[in-house]
Amino acid sequence: MNGGRPKETNILKVIDMKVSAERCHHCGACVGSCPQNAIFMNDFVLEFGDACNRCKRCIRLCPAGAISEEG
Ligand code: SF4
Ligand code: SF4
């Protein structure tokens with residue numbers, strides 16, 4: 001018996017937001033426009049927090065086309 005522990009599934013976790021280090025010029029536009037406040041810039045490296053709901057707004061607005069999804 002394994003105690004019947006429920007198996008966790010969360011499809012959102014399968015998709016990660018990805019930033020191209022070559023394309024991103026650290027303008028900060030994505031950070032300020034995220035409705036979930038889920039984008040953080042630390043030492044010029046972008047990080048996406050758990051609050052991201054994959055609305056893709058940042059992908060559309062990035063002037064450098066630096067953000068994408070990877071599954
Ligand atoms: S909007 Fe694009 S170029 Fe600007 S900081 Fe975000 S990912 Fe980088
Ligand atoms: S996909 Fe939407 S919620 Fe997630 S980081 Fe981009 S703008 Fe924010």
# chains A, B, ... in the order shown; residues from 1 in each chain; ligands from 1
call {"tool": "residues_near_ligand", "arguments": {"ligand": "ligand 1", "cutoff": "7 Å", "atoms": "only C-alpha atoms and all ligand atoms", "output": "PyMOL selection string"}}
result
chain A and resi 19+23-31+58+61-67
call {"tool": "residues_around", "arguments": {"residues": "segment 47-50 of chain A", "least_positions_apart": "6", "cutoff": "6 Å", "atoms": "only C-alpha atoms", "output": "ChimeraX atom specification"}}
result
/A:38-40
call {"tool": "select_by_dssp", "arguments": {"residues": "segment 2-70 of chain A", "states": "helix (DSSP H, G or I)", "output": "VMD selection string"}}
result
chain A and resid 11 to 14 29 to 33 57 to 61
call {"tool": "residues_near_ligand", "arguments": {"ligand": "ligand 2", "cutoff": "7 Å", "atoms": "only C-alpha atoms and all ligand atoms", "output": "VMD selection string"}}
result
chain A and resid 30 33 to 39 48 51 to 59
call {"tool": "write_last_selection", "arguments": {"atoms": "C-alpha atoms", "output": "JSON list (two decimals), in the first residue's frame"}}
result
[["chain", "number", "residue", "atom", "x", "y", "z"],
["A", 30, "CYS", "CA", 7.61, 43.00, -20.47],
["A", 33, "SER", "CA", 3.21, 45.12, -18.69],
["A", 34, "CYS", "CA", 2.61, 41.69, -17.21],
["A", 35, "PRO", "CA", -0.90, 41.70, -15.71],
["A", 36, "GLN", "CA", 0.18, 39.05, -13.22],
["A", 37, "ASN", "CA", 3.39, 40.82, -12.16],
["A", 38, "ALA", "CA", 5.06, 37.55, -12.92],
["A", 39, "ILE", "CA", 8.21, 38.79, -14.68],
["A", 48, "PHE", "CA", 9.01, 34.11, -14.72],
["A", 51, "ALA", "CA", 1.79, 33.66, -11.10],
["A", 52, "CYS", "CA", 2.26, 33.53, -14.88],
["A", 53, "ASN", "CA", -0.93, 32.25, -16.48],
["A", 54, "ARG", "CA", 0.52, 31.98, -20.00],
["A", 55, "CYS", "CA", -1.61, 34.79, -21.39],
["A", 56, "LYS", "CA", 1.19, 35.45, -23.92],
["A", 57, "ARG", "CA", 0.92, 39.23, -23.62],
["A", 58, "CYS", "CA", 4.66, 39.52, -23.06],
["A", 59, "ILE", "CA", 5.32, 37.46, -26.17]]
call {"tool": "select_by_dssp", "arguments": {"residues": "segment 25-61 of chain A", "states": "strand (DSSP E or B)", "output": "PyMOL selection string"}}
result
chain A and resi 39-42+45-48
call {"tool": "write_last_selection", "arguments": {"atoms": "C-alpha atoms", "output": "mmCIF file, in the first residue's frame"}}
result
data_model
loop_
_atom_site.group_PDB
_atom_site.id
_atom_site.type_symbol
_atom_site.label_atom_id
_atom_site.label_comp_id
_atom_site.auth_asym_id
_atom_site.auth_seq_id
_atom_site.Cartn_x
_atom_site.Cartn_y
_atom_site.Cartn_z
ATOM 1 C CA ILE A 39 8.206 38.787 -14.679
ATOM 2 C CA PHE A 40 11.280 39.777 -12.725
ATOM 3 C CA MET A 41 14.635 41.050 -13.907
ATOM 4 C CA ASN A 42 17.637 40.235 -11.786
ATOM 5 C CA VAL A 45 18.272 37.986 -16.438
ATOM 6 C CA LEU A 46 14.497 37.613 -16.773
ATOM 7 C CA GLU A 47 12.655 35.166 -14.582
ATOM 8 C CA PHE A 48 9.014 34.110 -14.716
#
